[in-house]
Each structure stands twice: as C-alpha cells, then as structure tokens.
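Enquirer: Submitted below is the structure of interest, expressed as structure tokens.
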Amino acid sequence: MCRHRVFCPGIAPPGVGNRVTPKRFCRLTRPLAASLLTMMILAASVLASGHVLAADSAITGLRIGGVEIDGQRALRVVVETDRPVPAKLTLLADPYRFVVDIPNADWRVADVPKSGNLGAAPATAYRYGRLDAQTGRVVIEMAAPAAPVRRFALPAGDGRGHRLVFDLADKGQTAFQVAAKTLAREGLRGYGDTASPASQQAGTPQTGQPATADSKVSSASPAPPPSRKKWTVFIDAGHGGKDPGAIGKSKTQEKHITLAAATELARQLKATGVINPVLSRSDDRYLKLRQRINLARRQQADIFISLHADAAPSSKARGISVFTLSDTASDKEAEMLARNENRADLIGGPDLAVEDPEAADELLRMFQRESMNQSTYLASTILRHIRDMPGGDKRGHRFAGFAVLKAPDMPSVLVEMGFITNRQDEANLKTAEYRTKLTERLSRAIVAYLVEYGPQE
Ligand SMILES: [Zn+2]
C-alpha cells in the first residue's frame with residue numbers, strides 16, 4: 001500500500017483554502033529552525049516496501065523546504081529513494097539549477113507529477129526526467145545562485161525511504177561558480193547513511209502541517225528574476241587601531257598607508273561603474289583577521305584584496321609582492337582551522353560537525369582549493385598590471401598562510417605595496433600620487449580579472 005502526503009504551507013493549491021504565503025512560511029520556519037526542522041513545501045512519501053520492481057532504483061519522494069544555517073536561510077532538498085543510491089550533483093546557471101543524477105532511478109512518486117512549480121525560495125520549479133537510458137535526473141530551478149553547503153544520507157525508517165539531503169545556501173555568484181566547478185570534477189559519489197541524532201531529526205518532516213492531496217502544484221509567489229548586480233570587491237586595509245603594522249625608517253605606520261591606499265582603490269573601483277567596493281575599515285580601528293573575512297563574506301564579495309606594506313630587516317629589500325594562500329599550507333591549515341577554529345564560521349551551520357564532519361572537512365578543502373586557483377589568476381593579473389611600478393617586477397607572486405587569505409569561497413590576494421623599511425619605497429608610499437598610480441593599476445587588474453573570471457550575469 002502506498003500513502004501519499006503533500007504538505008504545502010508555501011503553496012496555494014488550486015481550490016484549497018488555508019493559503020499560506022511565503023511570508024508566513026518564514027514565520028513558521030524560524031521557530032522550528034533550532035531543531036533543524038524543515039517545513040516541507042512539497043512532500044510526497046511512499047511506503048514503498050511491497051512493490052519495488054526489479055533492479056532499477058526509484059525516487060519515491062521529493063521534499064523541498066527551508067532550513068536555517070548559521071542565521072541564514074537555506075534551501076533543503078530531500079530526495080527519497082527505495083534503496084541507498086549514489087548521486088552526481090551539478091550546478092548550472094541561466095537559470096540557476098541544482099541537478100541530482102541518480103543511476104537507473106525511475107520516478108515512482110505517485111500522485112505527484114514529474115514537474116511543477118515551487119514556492120520555496122529560491123526554488124521556483126522542479127522536474128524529473130531521464131538524462132539517458134541509465135540516469136534519472138531531478139532538476140530544481142532556483143531564482144538565486146544557491147549551492148550545496150551540506151549533504152548527507154539518512155537510512156530508511158519511520159515509513160520513509162532512504163534519503164539524500166542537500167542544503168543549499170546563496171553565498172554569492174563566486175561561491176556558486178566555485179561549487180559548480182568543484183562538483184563538475186566530483187562525479188558520481190556514494191553517500192553512506194549518516195544516522196546521527198541531529199541529522200535524523202533534520203530528515204524527519206513535521207507531520208502536523210495541513211496535508212492536501214494535490215496533483216497540480218502551483219507557486220503562490222513566483223520569485224522575481226535575478227537582477228543584474230555589480231561585482232563586489234572587498235578591500236581590506238591592513239592593521240589599524242592598536243595594531244600599527246610595520247614601522248618605517250621615518251616612523252611611518254603601515255596602518256595609515258594601507259587605509260589611504262584602500263580608500264583610493266575604493267574610489268577608483270566605484271568610478272568604474274561595475275564594481276561595488278566595500279572597505280574593511282574606513283577609519284583607524286582594530287579588526288581581527290577573522291572579522292575581516294566575515295565582513296567580506298557577509299557582503300558576498302566576489303574578491304577579497306588585502307593591502308599591506310612590507311617590512312624586512314634589510315633596508316635594501318624593496319618592491320611589490322602579491323601573495324595568495326600557499327598550497328602546502330592550505331591543507332594542513334584547513335585541517336587546523338576545522339579543528340581549532342569555528343568551522344561553522346567558514347562553510348555553514350553550527351551543527352555541521354555533528355551532522356557530517358567528513359563532508360564538512362571535504363567541502364572546506366574543495367572550496368579552498370578552487371578559490372586558491374582563482375586567487376592565482378587574480379594574482380597574476382595584478383602582477384601583469386604593475387610591472388611598470390618601481391619594484392613591480394621584482395618580487396612577483398608569493399605564497400603564504402596569511403589568515404586573511406583563508407576564506408574558502410572567495411578569490412583572495414594580499415598585496416604588499418612596497419617595503420616601508422626601504423627609504424625609497426617608504427617615501428613613495430607616503431605620497432598620494434604614488435598610491436593613486438598603484439591603485440589605478442590594481443583597479444584595472446581587478447576589472448580585467450572579473451571580466452574574464454568573475455561571475456557573469
Ligand atoms: Zn601588514
């Protein structure tokens with residue numbers, strides 16, 4: 001026997017009262033978020049035991065709703081199957097789509113059509129089809145660039161099939177592109193059942209909601225199309241407040257140089273008309289490194305550039321360096337970050353470690369590796385543009401484990417604009433003219449990079 005349930009708090013099925021708007025959906029969802037409980041928008045479950053056919057696997061339910069991760073609303077997609085299955089995930093743009101391919105998976109969600117509209121923002125529609133004879137494909141269309149930040153499997157039980165659970169959050173275009181590339185390389189992947197108490201709870205839908213048998217799912221409020229947005233560039237003026245940074249031969253404090261250069265770079269980027277510059281600080285204040293990353297992530301910055309002035313024991317050292325996170329440092333440091341720092345801070349909710357520590361570590365490393373590649377492109381674009389500056393071709397691209405370069409989903413570079421401990425460099429850095437020349441080149445390099453590699457809409 002099959003039993004079908006469709007919970008539609010965010011959808012107004014034709015002819016059914018009890019219409020609930022998305023606003024109400026949010027209000028309903030938030031209090032439940034503590035238990036990671038999702039209010040399922042579209043729910044269809046099948047007690048599939050008894051009539052599983054032959055060797056093909058089957059999709060027996062699809063549920064889409066909201067969860068809250070780290071204070072941010074995320075989309076939860078639950079694909080229910082009659083047996084544990086591997087899946088390949090894909091992210092596509094124009095329109096944004098989250099695709100789950102499952103080998104030989106038929107659609108066996110009776111009473112629920114193979115396609116329909118959704119009102120669970122950012123999801124706008126879903127459909128099932130056969131990609132080829134061997135592959136069943138579920139596509140979720142979205143109005144925003146949401147990418148998976150968490151994924152795990154749950155075993156069958158409680159009248160439900162095996163469940164693949166994906167939580168997607170909109171962390172900006174860059175994060176979407178990075179995740180898309182990462183997933184493209186990943187291929188088909190098995191999901192062991194993770195039966196921790198937290199994830200068990202997460203996979204169990206609320207059953208106290210109004211259930212309506214609904215064959216035609218319609219959207220209560222179609223999401224607006226994504227609007228053309230400017231690229232966001234986060235400019236981090238190094239040091240500040242109680243932390244003066246390096247001190248020059250003539251007592252110049254690095255923190256003042258970095259603020260002046262950052263302010264000028266912001267002015268020039270804004271003047272391009274295609275970039276929304278955001279400064280980590282616009283006055284002489286102290287910020288922790290982690291705060292700088294968090295500020296950039298909150299702005300969903302497309303790139304992160306940190307400005308500094310170098311110091312060396314030898315007063316002869318001079319020139320400009322562009323740093324990215326070092327390859328060798330990254331894995332070890334990602335591991336340490338994951339262990340010692342707040343991992344949730346980097347890729348998702350505070351319950352990540354409880355739910356799926358392996359996936360959390362793996363995702364962190366994947367994102368970091370991909371944004372490191374992007375950071376390298378950005379660094380070499382900058383270096384091409386500063387060759388004519390004094391010492392601009394001297395030091396080149398360098399690698400280090402700077403904490404500000406560790407945002408896993410943002411191409412990040414740190415520019416040492418010259419040696420404050422070198423008399424000529426120091427004299428240059430103190431003049432607005434030199435800083436303007438240098439930031440002009442940085443600005444051109446940033447635009448060139450974004451045009452070539454940045455998110456396009
Ligand atoms: Zn510095």
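So you can find residues: chains in the structure tokens are A, B, ... in the order shown, residues in each start at 1, and ligands are numbered from 1 in order.
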Taking only C-alpha atoms and all ligand atoms and a cut-off of 6 Å, can you tell me which residues surround ligand 1, written as a list in words?
Expert: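 Residues lying within 6 Å of ligand 1: Gly238, Gly245, His308 and Ala309 of chain A.
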Enquirer: Can you pull out the residues contacting A:Val139? Cut-off 9 Å, using only C-alpha atoms, and skip same-chain residues under 4 positions away; I want them as a ChimeraX atom specification.
Expert: /A:97-101,125-129
Enquirer: Restricting the output to C-alpha atoms, write the selected residues as a PDB file, in the first residue's frame.
Expert:
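Here's the written file part.pdb:
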ATOM      1  CA  ARG A  97      19.671  24.871 -11.398  1.00  0.00           C
ATOM      2  CA  PHE A  98      20.621  22.232  -8.891  1.00  0.00           C
ATOM      3  CA  VAL A  99      20.723  18.843 -10.582  1.00  0.00           C
ATOM      4  CA  VAL A 100      20.793  15.420  -8.935  1.00  0.00           C
ATOM      5  CA  ASP A 101      21.557  12.493 -11.239  1.00  0.00           C
ATOM      6  CA  ALA A 125      10.288  24.726 -10.038  1.00  0.00           C
ATOM      7  CA  TYR A 126      11.266  21.069 -10.142  1.00  0.00           C
ATOM      8  CA  ARG A 127      11.236  18.380 -12.774  1.00  0.00           C
ATOM      9  CA  TYR A 128      12.259  14.769 -13.263  1.00  0.00           C
ATOM     10  CA  GLY A 129      13.455  13.284 -16.495  1.00  0.00           C
TER      11      GLY A 129
END
Enquirer: Report, in Å to a single decimal, how far apart atom CA of A:Tyr453 and atom CA of A:Ala379 are.
Expert: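 Interatomic distance, atom CA of A:Ala379 to atom CA of A:Tyr453: 12.5 Å.
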Enquirer: So which bits of stretch 276-335 of chain A end up strand (DSSP E) when you DSSP the backbone, as a list in words?
Expert: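 Checking each residue of stretch 276-335 of chain A, the strand (DSSP E) ones are Asn276, Pro277, Val278, Leu279, Ile303, Phe304, Ile305, Ser306, Leu307, His308, Ala309, Asp310, Ser321, Val322, Phe323, Thr324 and Leu325 of chain A.
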Enquirer: Quick one: everything within 10 Å of A:Val278, counting only C-alpha atoms, minus sequence neighbours fewer than 2 positions away in the same chain. Send it as a list in words.
Expert: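 Once the nearby chain positions are removed, what remains is Thr232, Val233, Phe234, Ile235, Asp236, Ala262, Thr263, Ala266, Leu269, Lys270, Ile275, Asn276, Ser280, Arg281, Ser282, Leu295, Ala296, Gln299, Ala301 and Phe304 of chain A.
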